[in-house]
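Reproduced below: structure.txt, with compact mmCIF, N, CA and C atoms.
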# COMPACT_ATOMS: atom_id res chain seq x y z
N MET Y 145 16.58 -206.63 66.11
CA MET Y 145 15.48 -207.00 65.24
C MET Y 145 15.20 -205.89 64.23
N LYS Y 146 15.29 -204.64 64.70
CA LYS Y 146 15.04 -203.51 63.81
C LYS Y 146 16.09 -203.48 62.69
N ARG Y 147 17.32 -203.79 63.04
CA ARG Y 147 18.40 -203.80 62.07
C ARG Y 147 18.14 -204.86 60.99
N PHE Y 148 17.71 -206.04 61.41
CA PHE Y 148 17.41 -207.12 60.48
C PHE Y 148 16.27 -206.72 59.54
N SER Y 149 15.24 -206.09 60.08
CA SER Y 149 14.10 -205.64 59.27
C SER Y 149 14.54 -204.62 58.22
N MET Y 150 15.41 -203.71 58.60
CA MET Y 150 15.92 -202.70 57.66
C MET Y 150 16.75 -203.37 56.56
N PHE Y 151 17.52 -204.38 56.94
CA PHE Y 151 18.34 -205.11 55.97
C PHE Y 151 17.45 -205.82 54.95
N VAL Y 152 16.42 -206.51 55.42
CA VAL Y 152 15.49 -207.22 54.54
C VAL Y 152 14.78 -206.22 53.63
N LEU Y 153 14.35 -205.10 54.17
CA LEU Y 153 13.68 -204.07 53.39
C LEU Y 153 14.60 -203.54 52.29
N ALA Y 154 15.86 -203.33 52.62
CA ALA Y 154 16.83 -202.85 51.63
C ALA Y 154 17.02 -203.87 50.51
N ILE Y 155 17.11 -205.14 50.85
CA ILE Y 155 17.26 -206.20 49.84
C ILE Y 155 16.04 -206.25 48.93
N VAL Y 156 14.86 -206.17 49.50
CA VAL Y 156 13.61 -206.17 48.72
C VAL Y 156 13.57 -204.96 47.79
N ALA Y 157 13.97 -203.80 48.27
CA ALA Y 157 13.97 -202.59 47.45
C ALA Y 157 14.94 -202.72 46.28
N ILE Y 158 16.10 -203.26 46.53
CA ILE Y 158 17.09 -203.46 45.46
C ILE Y 158 16.57 -204.45 44.43
N ALA Y 159 15.99 -205.54 44.90
CA ALA Y 159 15.45 -206.55 43.98
C ALA Y 159 14.32 -205.97 43.14
N ALA Y 160 13.44 -205.19 43.75
CA ALA Y 160 12.32 -204.58 43.03
C ALA Y 160 12.83 -203.61 41.97
N THR Y 161 13.86 -202.86 42.29
CA THR Y 161 14.44 -201.93 41.32
C THR Y 161 14.99 -202.69 40.13
N GLY Y 162 15.64 -203.78 40.37
CA GLY Y 162 16.19 -204.61 39.29
C GLY Y 162 15.11 -205.18 38.40
N LEU Y 163 13.98 -205.55 38.98
CA LEU Y 163 12.88 -206.11 38.20
C LEU Y 163 12.17 -205.05 37.37
N MET Y 164 12.19 -203.81 37.82
CA MET Y 164 11.50 -202.74 37.10
C MET Y 164 12.36 -202.15 35.98
N ALA Y 165 13.64 -202.44 35.98
CA ALA Y 165 14.54 -201.88 34.96
C ALA Y 165 14.12 -202.38 33.58
N PRO Y 166 14.20 -201.52 32.58
CA PRO Y 166 13.82 -201.95 31.24
C PRO Y 166 14.74 -203.06 30.74
N GLU Y 167 14.18 -203.90 29.88
CA GLU Y 167 14.96 -204.98 29.32
C GLU Y 167 16.02 -204.43 28.37
N ARG Y 168 17.19 -204.95 28.44
CA ARG Y 168 18.25 -204.49 27.54
C ARG Y 168 18.03 -205.07 26.15
N ALA Y 169 18.40 -204.30 25.15
CA ALA Y 169 18.34 -204.81 23.79
C ALA Y 169 19.38 -205.90 23.64
N GLN Y 170 18.99 -206.95 22.98
CA GLN Y 170 19.92 -208.04 22.76
C GLN Y 170 20.31 -208.03 21.29
N ALA Y 171 21.30 -207.26 20.97
CA ALA Y 171 21.74 -207.12 19.58
C ALA Y 171 22.24 -208.45 19.06
N ARG Y 172 21.85 -208.74 17.86
CA ARG Y 172 22.30 -209.95 17.19
C ARG Y 172 23.17 -209.52 16.01
N LEU Y 173 24.26 -208.86 16.33
CA LEU Y 173 25.13 -208.33 15.29
C LEU Y 173 25.66 -209.42 14.38
N GLN Y 174 25.79 -210.64 14.90
CA GLN Y 174 26.27 -211.73 14.06
C GLN Y 174 25.29 -212.03 12.93
N TYR Y 175 23.98 -211.82 13.17
CA TYR Y 175 22.99 -212.04 12.11
C TYR Y 175 23.11 -210.95 11.05
N PHE Y 176 23.23 -209.72 11.49
CA PHE Y 176 23.37 -208.60 10.55
C PHE Y 176 24.64 -208.75 9.72
N LYS Y 177 25.73 -209.11 10.38
CA LYS Y 177 27.01 -209.28 9.67
C LYS Y 177 26.89 -210.37 8.61
N ALA Y 178 26.29 -211.50 8.95
CA ALA Y 178 26.13 -212.60 8.00
C ALA Y 178 25.22 -212.19 6.85
N PHE Y 179 24.15 -211.45 7.15
CA PHE Y 179 23.24 -210.96 6.10
C PHE Y 179 24.01 -210.07 5.13
N LYS Y 180 24.76 -209.15 5.68
CA LYS Y 180 25.51 -208.19 4.86
C LYS Y 180 26.55 -208.89 3.99
N GLU Y 181 27.24 -209.87 4.56
CA GLU Y 181 28.26 -210.61 3.80
C GLU Y 181 27.64 -211.51 2.73
N THR Y 182 26.45 -212.02 2.99
CA THR Y 182 25.80 -212.94 2.06
C THR Y 182 25.17 -212.21 0.89
N TYR Y 183 24.55 -211.08 1.15
CA TYR Y 183 23.79 -210.37 0.11
C TYR Y 183 24.53 -209.11 -0.33
N THR Y 184 25.64 -209.32 -0.99
CA THR Y 184 26.50 -208.20 -1.41
C THR Y 184 25.91 -207.42 -2.58
N LYS Y 185 24.93 -207.99 -3.29
CA LYS Y 185 24.33 -207.28 -4.42
C LYS Y 185 23.33 -206.22 -3.97
N LEU Y 186 22.93 -206.27 -2.71
CA LEU Y 186 22.04 -205.24 -2.18
C LEU Y 186 22.82 -203.94 -2.03
N ASP Y 187 22.12 -202.83 -2.09
CA ASP Y 187 22.74 -201.52 -1.87
C ASP Y 187 23.23 -201.49 -0.42
N GLN Y 188 24.54 -201.57 -0.23
CA GLN Y 188 25.12 -201.69 1.11
C GLN Y 188 24.85 -200.46 1.98
N ALA Y 189 24.74 -199.30 1.36
CA ALA Y 189 24.39 -198.10 2.14
C ALA Y 189 22.99 -198.25 2.71
N LYS Y 190 22.09 -198.82 1.92
CA LYS Y 190 20.71 -199.04 2.37
C LYS Y 190 20.66 -200.13 3.46
N VAL Y 191 21.49 -201.14 3.30
CA VAL Y 191 21.57 -202.20 4.31
C VAL Y 191 22.05 -201.60 5.63
N ASP Y 192 23.12 -200.78 5.56
CA ASP Y 192 23.65 -200.14 6.77
C ASP Y 192 22.62 -199.22 7.42
N GLU Y 193 21.84 -198.54 6.60
CA GLU Y 193 20.82 -197.63 7.12
C GLU Y 193 19.68 -198.40 7.77
N SER Y 194 19.28 -199.50 7.15
CA SER Y 194 18.15 -200.30 7.65
C SER Y 194 18.52 -201.10 8.89
N LYS Y 195 19.73 -201.61 8.92
CA LYS Y 195 20.24 -202.45 10.00
C LYS Y 195 19.18 -203.40 10.56
N CYS Y 196 18.75 -203.19 11.77
CA CYS Y 196 17.80 -204.09 12.43
C CYS Y 196 16.43 -204.07 11.76
N GLY Y 197 16.15 -202.99 11.02
CA GLY Y 197 14.87 -202.86 10.33
C GLY Y 197 14.67 -203.86 9.21
N ILE Y 198 15.73 -204.56 8.83
CA ILE Y 198 15.59 -205.60 7.82
C ILE Y 198 14.66 -206.69 8.36
N CYS Y 199 14.74 -206.96 9.63
CA CYS Y 199 13.93 -208.02 10.23
C CYS Y 199 12.89 -207.52 11.23
N HIS Y 200 13.19 -206.41 11.92
CA HIS Y 200 12.32 -205.93 12.99
C HIS Y 200 11.46 -204.76 12.55
N GLY Y 201 10.35 -204.55 13.26
CA GLY Y 201 9.43 -203.47 12.95
C GLY Y 201 9.85 -202.15 13.57
N GLY Y 202 9.10 -201.12 13.24
CA GLY Y 202 9.39 -199.79 13.77
C GLY Y 202 10.48 -199.12 12.97
N GLU Y 203 10.74 -197.87 13.32
CA GLU Y 203 11.76 -197.11 12.61
C GLU Y 203 13.14 -197.72 12.86
N LYS Y 204 13.79 -198.13 11.81
CA LYS Y 204 15.12 -198.76 11.86
C LYS Y 204 15.15 -199.97 12.80
N GLY Y 205 14.04 -200.68 12.88
CA GLY Y 205 13.99 -201.90 13.67
C GLY Y 205 13.89 -201.70 15.16
N ALA Y 206 13.36 -200.55 15.57
CA ALA Y 206 13.28 -200.22 16.99
C ALA Y 206 12.37 -201.17 17.78
N ASN Y 207 11.34 -201.70 17.13
CA ASN Y 207 10.41 -202.60 17.82
C ASN Y 207 10.90 -204.04 17.67
N LYS Y 208 11.64 -204.51 18.64
CA LYS Y 208 12.25 -205.84 18.57
C LYS Y 208 11.23 -206.96 18.72
N LYS Y 209 10.03 -206.63 19.17
CA LYS Y 209 9.02 -207.67 19.34
C LYS Y 209 8.31 -207.99 18.03
N LYS Y 210 8.37 -207.07 17.07
CA LYS Y 210 7.74 -207.30 15.78
C LYS Y 210 8.77 -207.82 14.80
N LEU Y 211 8.47 -208.97 14.22
CA LEU Y 211 9.36 -209.57 13.23
C LEU Y 211 8.66 -209.68 11.89
N SER Y 212 9.42 -209.44 10.83
CA SER Y 212 8.88 -209.63 9.49
C SER Y 212 8.71 -211.13 9.25
N LYS Y 213 7.97 -211.48 8.22
CA LYS Y 213 7.80 -212.91 7.90
C LYS Y 213 9.15 -213.52 7.52
N TYR Y 214 9.98 -212.75 6.85
CA TYR Y 214 11.33 -213.22 6.51
C TYR Y 214 12.10 -213.55 7.79
N ALA Y 215 12.04 -212.67 8.77
CA ALA Y 215 12.74 -212.88 10.04
C ALA Y 215 12.21 -214.11 10.77
N GLN Y 216 10.90 -214.33 10.68
CA GLN Y 216 10.31 -215.51 11.31
C GLN Y 216 10.83 -216.78 10.65
N GLU Y 217 10.93 -216.76 9.32
CA GLU Y 217 11.47 -217.92 8.59
C GLU Y 217 12.93 -218.15 8.99
N PHE Y 218 13.70 -217.06 9.06
CA PHE Y 218 15.10 -217.17 9.46
C PHE Y 218 15.20 -217.72 10.89
N GLY Y 219 14.37 -217.20 11.79
CA GLY Y 219 14.39 -217.64 13.19
C GLY Y 219 14.10 -219.12 13.33
N THR Y 220 13.14 -219.60 12.55
CA THR Y 220 12.82 -221.03 12.57
C THR Y 220 14.00 -221.84 12.06
N ALA Y 221 14.62 -221.36 10.98
CA ALA Y 221 15.74 -222.08 10.37
C ALA Y 221 16.98 -222.10 11.26
N VAL Y 222 17.24 -221.00 11.96
CA VAL Y 222 18.45 -220.94 12.78
C VAL Y 222 18.29 -221.79 14.05
N GLY Y 223 17.05 -221.97 14.49
CA GLY Y 223 16.76 -222.92 15.55
C GLY Y 223 17.11 -222.54 16.97
N GLY Y 224 17.24 -221.27 17.28
CA GLY Y 224 17.52 -220.88 18.66
C GLY Y 224 17.72 -219.39 18.77
N LYS Y 225 17.87 -218.93 20.01
CA LYS Y 225 18.10 -217.50 20.24
C LYS Y 225 19.59 -217.22 20.33
N ASN Y 226 20.00 -216.16 19.70
CA ASN Y 226 21.37 -215.67 19.77
C ASN Y 226 22.41 -216.72 19.39
N VAL Y 227 22.13 -217.43 18.30
CA VAL Y 227 23.06 -218.43 17.78
C VAL Y 227 24.31 -217.70 17.29
N LYS Y 228 25.46 -218.22 17.63
CA LYS Y 228 26.72 -217.56 17.27
C LYS Y 228 27.51 -218.33 16.21
N ASP Y 229 27.08 -219.53 15.89
CA ASP Y 229 27.76 -220.38 14.92
C ASP Y 229 27.54 -219.84 13.50
N GLU Y 230 28.60 -219.23 12.94
CA GLU Y 230 28.47 -218.55 11.64
C GLU Y 230 27.98 -219.46 10.52
N PRO Y 231 28.50 -220.69 10.37
CA PRO Y 231 27.97 -221.56 9.32
C PRO Y 231 26.48 -221.86 9.50
N LYS Y 232 26.04 -222.01 10.73
CA LYS Y 232 24.63 -222.28 10.99
C LYS Y 232 23.78 -221.05 10.63
N ILE Y 233 24.28 -219.87 10.91
CA ILE Y 233 23.56 -218.63 10.57
C ILE Y 233 23.44 -218.50 9.05
N LYS Y 234 24.54 -218.74 8.34
CA LYS Y 234 24.51 -218.63 6.88
C LYS Y 234 23.60 -219.69 6.26
N GLU Y 235 23.58 -220.88 6.84
CA GLU Y 235 22.69 -221.93 6.36
C GLU Y 235 21.23 -221.52 6.58
N ALA Y 236 20.95 -220.90 7.71
CA ALA Y 236 19.59 -220.42 8.00
C ALA Y 236 19.17 -219.33 7.01
N LEU Y 237 20.11 -218.45 6.63
CA LEU Y 237 19.80 -217.43 5.62
C LEU Y 237 19.44 -218.10 4.30
N LYS Y 238 20.18 -219.14 3.91
CA LYS Y 238 19.90 -219.87 2.67
C LYS Y 238 18.54 -220.57 2.75
N THR Y 239 18.22 -221.13 3.90
CA THR Y 239 16.93 -221.79 4.08
C THR Y 239 15.80 -220.77 3.96
N ALA Y 240 15.96 -219.61 4.58
CA ALA Y 240 14.94 -218.56 4.50
C ALA Y 240 14.76 -218.08 3.07
N GLU Y 241 15.84 -218.10 2.28
CA GLU Y 241 15.76 -217.69 0.87
C GLU Y 241 14.75 -218.51 0.10
N SER Y 242 14.62 -219.77 0.44
CA SER Y 242 13.75 -220.67 -0.33
C SER Y 242 12.27 -220.52 0.02
N LYS Y 243 11.96 -219.76 1.03
CA LYS Y 243 10.57 -219.61 1.49
C LYS Y 243 9.81 -218.59 0.65
N ASP Y 244 8.50 -218.78 0.60
CA ASP Y 244 7.62 -217.94 -0.21
C ASP Y 244 7.51 -216.52 0.34
N ALA Y 245 7.79 -215.55 -0.54
CA ALA Y 245 7.70 -214.14 -0.16
C ALA Y 245 6.43 -213.50 -0.70
N GLY Y 246 5.60 -214.28 -1.36
CA GLY Y 246 4.37 -213.75 -1.95
C GLY Y 246 4.57 -213.39 -3.42
N GLU Y 247 3.46 -213.25 -4.12
CA GLU Y 247 3.46 -212.90 -5.53
C GLU Y 247 4.32 -213.84 -6.37
N GLY Y 248 4.37 -215.11 -5.98
CA GLY Y 248 5.10 -216.12 -6.75
C GLY Y 248 6.61 -216.03 -6.65
N LYS Y 249 7.12 -215.28 -5.71
CA LYS Y 249 8.57 -215.14 -5.54
C LYS Y 249 9.00 -215.67 -4.18
N THR Y 250 10.25 -216.08 -4.13
CA THR Y 250 10.84 -216.47 -2.86
C THR Y 250 11.63 -215.29 -2.32
N TYR Y 251 12.04 -215.39 -1.06
CA TYR Y 251 12.89 -214.33 -0.50
C TYR Y 251 14.21 -214.26 -1.26
N GLY Y 252 14.69 -215.40 -1.71
CA GLY Y 252 15.92 -215.41 -2.50
C GLY Y 252 15.77 -214.63 -3.79
N ASP Y 253 14.59 -214.76 -4.45
CA ASP Y 253 14.33 -214.00 -5.68
C ASP Y 253 14.39 -212.50 -5.40
N LEU Y 254 13.75 -212.09 -4.32
CA LEU Y 254 13.74 -210.66 -3.96
C LEU Y 254 15.17 -210.15 -3.72
N LEU Y 255 15.91 -210.89 -2.92
CA LEU Y 255 17.26 -210.48 -2.57
C LEU Y 255 18.18 -210.44 -3.79
N LYS Y 256 18.02 -211.40 -4.70
CA LYS Y 256 18.82 -211.41 -5.92
C LYS Y 256 18.47 -210.24 -6.82
N ASP Y 257 17.21 -209.78 -6.73
CA ASP Y 257 16.77 -208.60 -7.49
C ASP Y 257 17.17 -207.30 -6.81
N GLY Y 258 17.85 -207.40 -5.67
CA GLY Y 258 18.29 -206.20 -4.95
C GLY Y 258 17.22 -205.57 -4.10
N LYS Y 259 16.18 -206.34 -3.76
CA LYS Y 259 15.07 -205.82 -2.95
C LYS Y 259 15.09 -206.44 -1.57
N PHE Y 260 14.61 -205.68 -0.61
CA PHE Y 260 14.51 -206.17 0.76
C PHE Y 260 13.20 -206.94 0.93
N PRO Y 261 13.18 -207.91 1.84
CA PRO Y 261 11.91 -208.56 2.18
C PRO Y 261 10.94 -207.53 2.78
N ALA Y 262 9.65 -207.82 2.71
CA ALA Y 262 8.64 -206.91 3.26
C ALA Y 262 8.91 -206.66 4.74
N ALA Y 263 8.67 -205.44 5.16
CA ALA Y 263 8.90 -205.04 6.55
C ALA Y 263 7.91 -205.71 7.49
N ALA Y 264 8.24 -205.72 8.75
CA ALA Y 264 7.34 -206.26 9.78
C ALA Y 264 6.10 -205.39 9.84
N GLU Y 265 4.97 -206.02 10.03
CA GLU Y 265 3.70 -205.28 10.09
C GLU Y 265 3.31 -204.98 11.51

Can you present the structure in this file as structure tokens?
Amino acid sequence: MKRFSMFVLAIVAIAATGLMAPERAQARLQYFKAFKETYTKLDQAKVDESKCGICHGGEKGANKKKLSKYAQEFGTAVGGKNVKDEPKIKEALKTAESKDAGEGKTYGDLLKDGKFPAAAE
């Protein structure tokens, strides 16, 4: 009986450790790649430097829970988490382009002017 109790305790300890582990970042490199390929008129060095910060808050996009309004529009258009279908991703980028970015401009207008959408707040 003591052996069984120790076994159960070990299983509970392992499970608890797994639950306490920090969540892994879920990189969406396919989104970044499609963005970079689509918006070639942007300063590519700046795009590479910003990386996740194009859509996410914090320094260089470190805060994955904060999304810019542009990212929210893209997320709605792509219709799911971690979509891998490249044509669907590019279509979602085009859909997000048509959305209002404020001051009478769309996100597409900003991107064509070589500007990034406003950062996440």

Computed interatomic separation between atom CA of Y:Lys190 and atom CA of Y:Lys204 (Å):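 According to the coordinates, atom CA of Y:Lys190 and atom CA of Y:Lys204 are separated by 11.0 Å.
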
Please give the complete set of residues from stretch 164-249 of chain Y that DSSP, run on the backbone, assigns to helix (DSSP H, G or I), formatted as a PDB file with N, CA and C atoms, in the frame of the given file.
ATOM      1  N   MET Y 164      12.190-203.810  37.820  1.00  0.00           N
ATOM      2  CA  MET Y 164      11.500-202.740  37.100  1.00  0.00           C
ATOM      3  C   MET Y 164      12.360-202.150  35.980  1.00  0.00           C
ATOM      4  N   LEU Y 173      24.260-208.860  16.330  1.00  0.00           N
ATOM      5  CA  LEU Y 173      25.130-208.330  15.290  1.00  0.00           C
ATOM      6  C   LEU Y 173      25.660-209.420  14.380  1.00  0.00           C
ATOM      7  N   GLN Y 174      25.790-210.640  14.900  1.00  0.00           N
ATOM      8  CA  GLN Y 174      26.270-211.730  14.060  1.00  0.00           C
ATOM      9  C   GLN Y 174      25.290-212.030  12.930  1.00  0.00           C
ATOM     10  N   TYR Y 175      23.980-211.820  13.170  1.00  0.00           N
ATOM     11  CA  TYR Y 175      22.990-212.040  12.110  1.00  0.00           C
ATOM     12  C   TYR Y 175      23.110-210.950  11.050  1.00  0.00           C
ATOM     13  N   PHE Y 176      23.230-209.720  11.490  1.00  0.00           N
ATOM     14  CA  PHE Y 176      23.370-208.600  10.550  1.00  0.00           C
ATOM     15  C   PHE Y 176      24.640-208.750   9.720  1.00  0.00           C
ATOM     16  N   LYS Y 177      25.730-209.110  10.380  1.00  0.00           N
ATOM     17  CA  LYS Y 177      27.010-209.280   9.670  1.00  0.00           C
ATOM     18  C   LYS Y 177      26.890-210.370   8.610  1.00  0.00           C
ATOM     19  N   ALA Y 178      26.290-211.500   8.950  1.00  0.00           N
ATOM     20  CA  ALA Y 178      26.130-212.600   8.000  1.00  0.00           C
ATOM     21  C   ALA Y 178      25.220-212.190   6.850  1.00  0.00           C
ATOM     22  N   PHE Y 179      24.150-211.450   7.150  1.00  0.00           N
ATOM     23  CA  PHE Y 179      23.240-210.960   6.100  1.00  0.00           C
ATOM     24  C   PHE Y 179      24.010-210.070   5.130  1.00  0.00           C
ATOM     25  N   LYS Y 180      24.760-209.150   5.680  1.00  0.00           N
ATOM     26  CA  LYS Y 180      25.510-208.190   4.860  1.00  0.00           C
ATOM     27  C   LYS Y 180      26.550-208.890   3.990  1.00  0.00           C
ATOM     28  N   GLU Y 181      27.240-209.870   4.560  1.00  0.00           N
ATOM     29  CA  GLU Y 181      28.260-210.610   3.800  1.00  0.00           C
ATOM     30  C   GLU Y 181      27.640-211.510   2.730  1.00  0.00           C
ATOM     31  N   THR Y 182      26.450-212.020   2.990  1.00  0.00           N
ATOM     32  CA  THR Y 182      25.800-212.940   2.060  1.00  0.00           C
ATOM     33  C   THR Y 182      25.170-212.210   0.890  1.00  0.00           C
ATOM     34  N   GLN Y 188      24.540-201.570  -0.230  1.00  0.00           N
ATOM     35  CA  GLN Y 188      25.120-201.690   1.110  1.00  0.00           C
ATOM     36  C   GLN Y 188      24.850-200.460   1.980  1.00  0.00           C
ATOM     37  N   ALA Y 189      24.740-199.300   1.360  1.00  0.00           N
ATOM     38  CA  ALA Y 189      24.390-198.100   2.140  1.00  0.00           C
ATOM     39  C   ALA Y 189      22.990-198.250   2.710  1.00  0.00           C
ATOM     40  N   LYS Y 190      22.090-198.820   1.920  1.00  0.00           N
ATOM     41  CA  LYS Y 190      20.710-199.040   2.370  1.00  0.00           C
ATOM     42  C   LYS Y 190      20.660-200.130   3.460  1.00  0.00           C
ATOM     43  N   VAL Y 191      21.490-201.140   3.300  1.00  0.00           N
ATOM     44  CA  VAL Y 191      21.570-202.200   4.310  1.00  0.00           C
ATOM     45  C   VAL Y 191      22.050-201.600   5.630  1.00  0.00           C
ATOM     46  N   ASP Y 192      23.120-200.780   5.560  1.00  0.00           N
ATOM     47  CA  ASP Y 192      23.650-200.140   6.770  1.00  0.00           C
ATOM     48  C   ASP Y 192      22.620-199.220   7.420  1.00  0.00           C
ATOM     49  N   GLU Y 193      21.840-198.540   6.600  1.00  0.00           N
ATOM     50  CA  GLU Y 193      20.820-197.630   7.120  1.00  0.00           C
ATOM     51  C   GLU Y 193      19.680-198.400   7.770  1.00  0.00           C
ATOM     52  N   SER Y 194      19.280-199.500   7.150  1.00  0.00           N
ATOM     53  CA  SER Y 194      18.150-200.300   7.650  1.00  0.00           C
ATOM     54  C   SER Y 194      18.520-201.100   8.890  1.00  0.00           C
ATOM     55  N   LYS Y 195      19.730-201.610   8.920  1.00  0.00           N
ATOM     56  CA  LYS Y 195      20.240-202.450  10.000  1.00  0.00           C
ATOM     57  C   LYS Y 195      19.180-203.400  10.560  1.00  0.00           C
ATOM     58  N   CYS Y 196      18.750-203.190  11.770  1.00  0.00           N
ATOM     59  CA  CYS Y 196      17.800-204.090  12.430  1.00  0.00           C
ATOM     60  C   CYS Y 196      16.430-204.070  11.760  1.00  0.00           C
ATOM     61  N   GLY Y 197      16.150-202.990  11.020  1.00  0.00           N
ATOM     62  CA  GLY Y 197      14.870-202.860  10.330  1.00  0.00           C
ATOM     63  C   GLY Y 197      14.670-203.860   9.210  1.00  0.00           C
ATOM     64  N   ILE Y 198      15.730-204.560   8.830  1.00  0.00           N
ATOM     65  CA  ILE Y 198      15.590-205.600   7.820  1.00  0.00           C
ATOM     66  C   ILE Y 198      14.660-206.690   8.360  1.00  0.00           C
ATOM     67  N   GLU Y 203      10.740-197.870  13.320  1.00  0.00           N
ATOM     68  CA  GLU Y 203      11.760-197.110  12.610  1.00  0.00           C
ATOM     69  C   GLU Y 203      13.140-197.720  12.860  1.00  0.00           C
ATOM     70  N   LYS Y 204      13.790-198.130  11.810  1.00  0.00           N
ATOM     71  CA  LYS Y 204      15.120-198.760  11.860  1.00  0.00           C
ATOM     72  C   LYS Y 204      15.150-199.970  12.800  1.00  0.00           C
ATOM     73  N   GLY Y 205      14.040-200.680  12.880  1.00  0.00           N
ATOM     74  CA  GLY Y 205      13.990-201.900  13.670  1.00  0.00           C
ATOM     75  C   GLY Y 205      13.890-201.700  15.160  1.00  0.00           C
ATOM     76  N   LYS Y 213       7.970-211.480   8.220  1.00  0.00           N
ATOM     77  CA  LYS Y 213       7.800-212.910   7.900  1.00  0.00           C
ATOM     78  C   LYS Y 213       9.150-213.520   7.520  1.00  0.00           C
ATOM     79  N   TYR Y 214       9.980-212.750   6.850  1.00  0.00           N
ATOM     80  CA  TYR Y 214      11.330-213.220   6.510  1.00  0.00           C
ATOM     81  C   TYR Y 214      12.100-213.550   7.790  1.00  0.00           C
ATOM     82  N   ALA Y 215      12.040-212.670   8.770  1.00  0.00           N
ATOM     83  CA  ALA Y 215      12.740-212.880  10.040  1.00  0.00           C
ATOM     84  C   ALA Y 215      12.210-214.110  10.770  1.00  0.00           C
ATOM     85  N   GLN Y 216      10.900-214.330  10.680  1.00  0.00           N
ATOM     86  CA  GLN Y 216      10.310-215.510  11.310  1.00  0.00           C
ATOM     87  C   GLN Y 216      10.830-216.780  10.650  1.00  0.00           C
ATOM     88  N   GLU Y 217      10.930-216.760   9.320  1.00  0.00           N
ATOM     89  CA  GLU Y 217      11.470-217.920   8.590  1.00  0.00           C
ATOM     90  C   GLU Y 217      12.930-218.150   8.990  1.00  0.00           C
ATOM     91  N   PHE Y 218      13.700-217.060   9.060  1.00  0.00           N
ATOM     92  CA  PHE Y 218      15.100-217.170   9.460  1.00  0.00           C
ATOM     93  C   PHE Y 218      15.200-217.720  10.890  1.00  0.00           C
ATOM     94  N   GLY Y 219      14.370-217.200  11.790  1.00  0.00           N
ATOM     95  CA  GLY Y 219      14.390-217.640  13.190  1.00  0.00           C
ATOM     96  C   GLY Y 219      14.100-219.120  13.330  1.00  0.00           C
ATOM     97  N   THR Y 220      13.140-219.600  12.550  1.00  0.00           N
ATOM     98  CA  THR Y 220      12.820-221.030  12.570  1.00  0.00           C
ATOM     99  C   THR Y 220      14.000-221.840  12.060  1.00  0.00           C
ATOM    100  N   ALA Y 221      14.620-221.360  10.980  1.00  0.00           N
ATOM    101  CA  ALA Y 221      15.740-222.080  10.370  1.00  0.00           C
ATOM    102  C   ALA Y 221      16.980-222.100  11.260  1.00  0.00           C
ATOM    103  N   VAL Y 222      17.240-221.000  11.960  1.00  0.00           N
ATOM    104  CA  VAL Y 222      18.450-220.940  12.780  1.00  0.00           C
ATOM    105  C   VAL Y 222      18.290-221.790  14.050  1.00  0.00           C
ATOM    106  N   GLU Y 230      28.600-219.230  12.940  1.00  0.00           N
ATOM    107  CA  GLU Y 230      28.470-218.550  11.640  1.00  0.00           C
ATOM    108  C   GLU Y 230      27.980-219.460  10.520  1.00  0.00           C
ATOM    109  N   PRO Y 231      28.500-220.690  10.370  1.00  0.00           N
ATOM    110  CA  PRO Y 231      27.970-221.560   9.320  1.00  0.00           C
ATOM    111  C   PRO Y 231      26.480-221.860   9.500  1.00  0.00           C
ATOM    112  N   LYS Y 232      26.040-222.010  10.730  1.00  0.00           N
ATOM    113  CA  LYS Y 232      24.630-222.280  10.990  1.00  0.00           C
ATOM    114  C   LYS Y 232      23.780-221.050  10.630  1.00  0.00           C
ATOM    115  N   ILE Y 233      24.280-219.870  10.910  1.00  0.00           N
ATOM    116  CA  ILE Y 233      23.560-218.630  10.570  1.00  0.00           C
ATOM    117  C   ILE Y 233      23.440-218.500   9.050  1.00  0.00           C
ATOM    118  N   LYS Y 234      24.540-218.740   8.340  1.00  0.00           N
ATOM    119  CA  LYS Y 234      24.510-218.630   6.880  1.00  0.00           C
ATOM    120  C   LYS Y 234      23.600-219.690   6.260  1.00  0.00           C
ATOM    121  N   GLU Y 235      23.580-220.880   6.840  1.00  0.00           N
ATOM    122  CA  GLU Y 235      22.690-221.930   6.360  1.00  0.00           C
ATOM    123  C   GLU Y 235      21.230-221.520   6.580  1.00  0.00           C
ATOM    124  N   ALA Y 236      20.950-220.900   7.710  1.00  0.00           N
ATOM    125  CA  ALA Y 236      19.590-220.420   8.000  1.00  0.00           C
ATOM    126  C   ALA Y 236      19.170-219.330   7.010  1.00  0.00           C
ATOM    127  N   LEU Y 237      20.110-218.450   6.630  1.00  0.00           N
ATOM    128  CA  LEU Y 237      19.800-217.430   5.620  1.00  0.00           C
ATOM    129  C   LEU Y 237      19.440-218.100   4.300  1.00  0.00           C
ATOM    130  N   LYS Y 238      20.180-219.140   3.910  1.00  0.00           N
ATOM    131  CA  LYS Y 238      19.900-219.870   2.670  1.00  0.00           C
ATOM    132  C   LYS Y 238      18.540-220.570   2.750  1.00  0.00           C
ATOM    133  N   THR Y 239      18.220-221.130   3.900  1.00  0.00           N
ATOM    134  CA  THR Y 239      16.930-221.790   4.080  1.00  0.00           C
ATOM    135  C   THR Y 239      15.800-220.770   3.960  1.00  0.00           C
ATOM    136  N   ALA Y 240      15.960-219.610   4.580  1.00  0.00           N
ATOM    137  CA  ALA Y 240      14.940-218.560   4.500  1.00  0.00           C
ATOM    138  C   ALA Y 240      14.760-218.080   3.070  1.00  0.00           C
ATOM    139  N   GLU Y 241      15.840-218.100   2.280  1.00  0.00           N
ATOM    140  CA  GLU Y 241      15.760-217.690   0.870  1.00  0.00           C
ATOM    141  C   GLU Y 241      14.750-218.510   0.100  1.00  0.00           C
TER     142      GLU Y 241
END

Distance criterion (only C-alpha atoms): nearest to Y:Ala178 out of Y:Asp253, Y:Glu265, Y:Glu241, Y:Asp229: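 Among the listed residues, the smallest separation from Y:Ala178 belongs to Y:Asp229.
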
Point-to-point distance in Å for atom CA of Y:Tyr214 and atom C of Y:Gly201: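 Atom CA of Y:Tyr214 lies 13.2 Å from atom C of Y:Gly201.
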
Backbone-only DSSP, strand (DSSP E) members of chain Y, as a ChimeraX atom specification: /Y:200-201,207-211,244-246,249-250
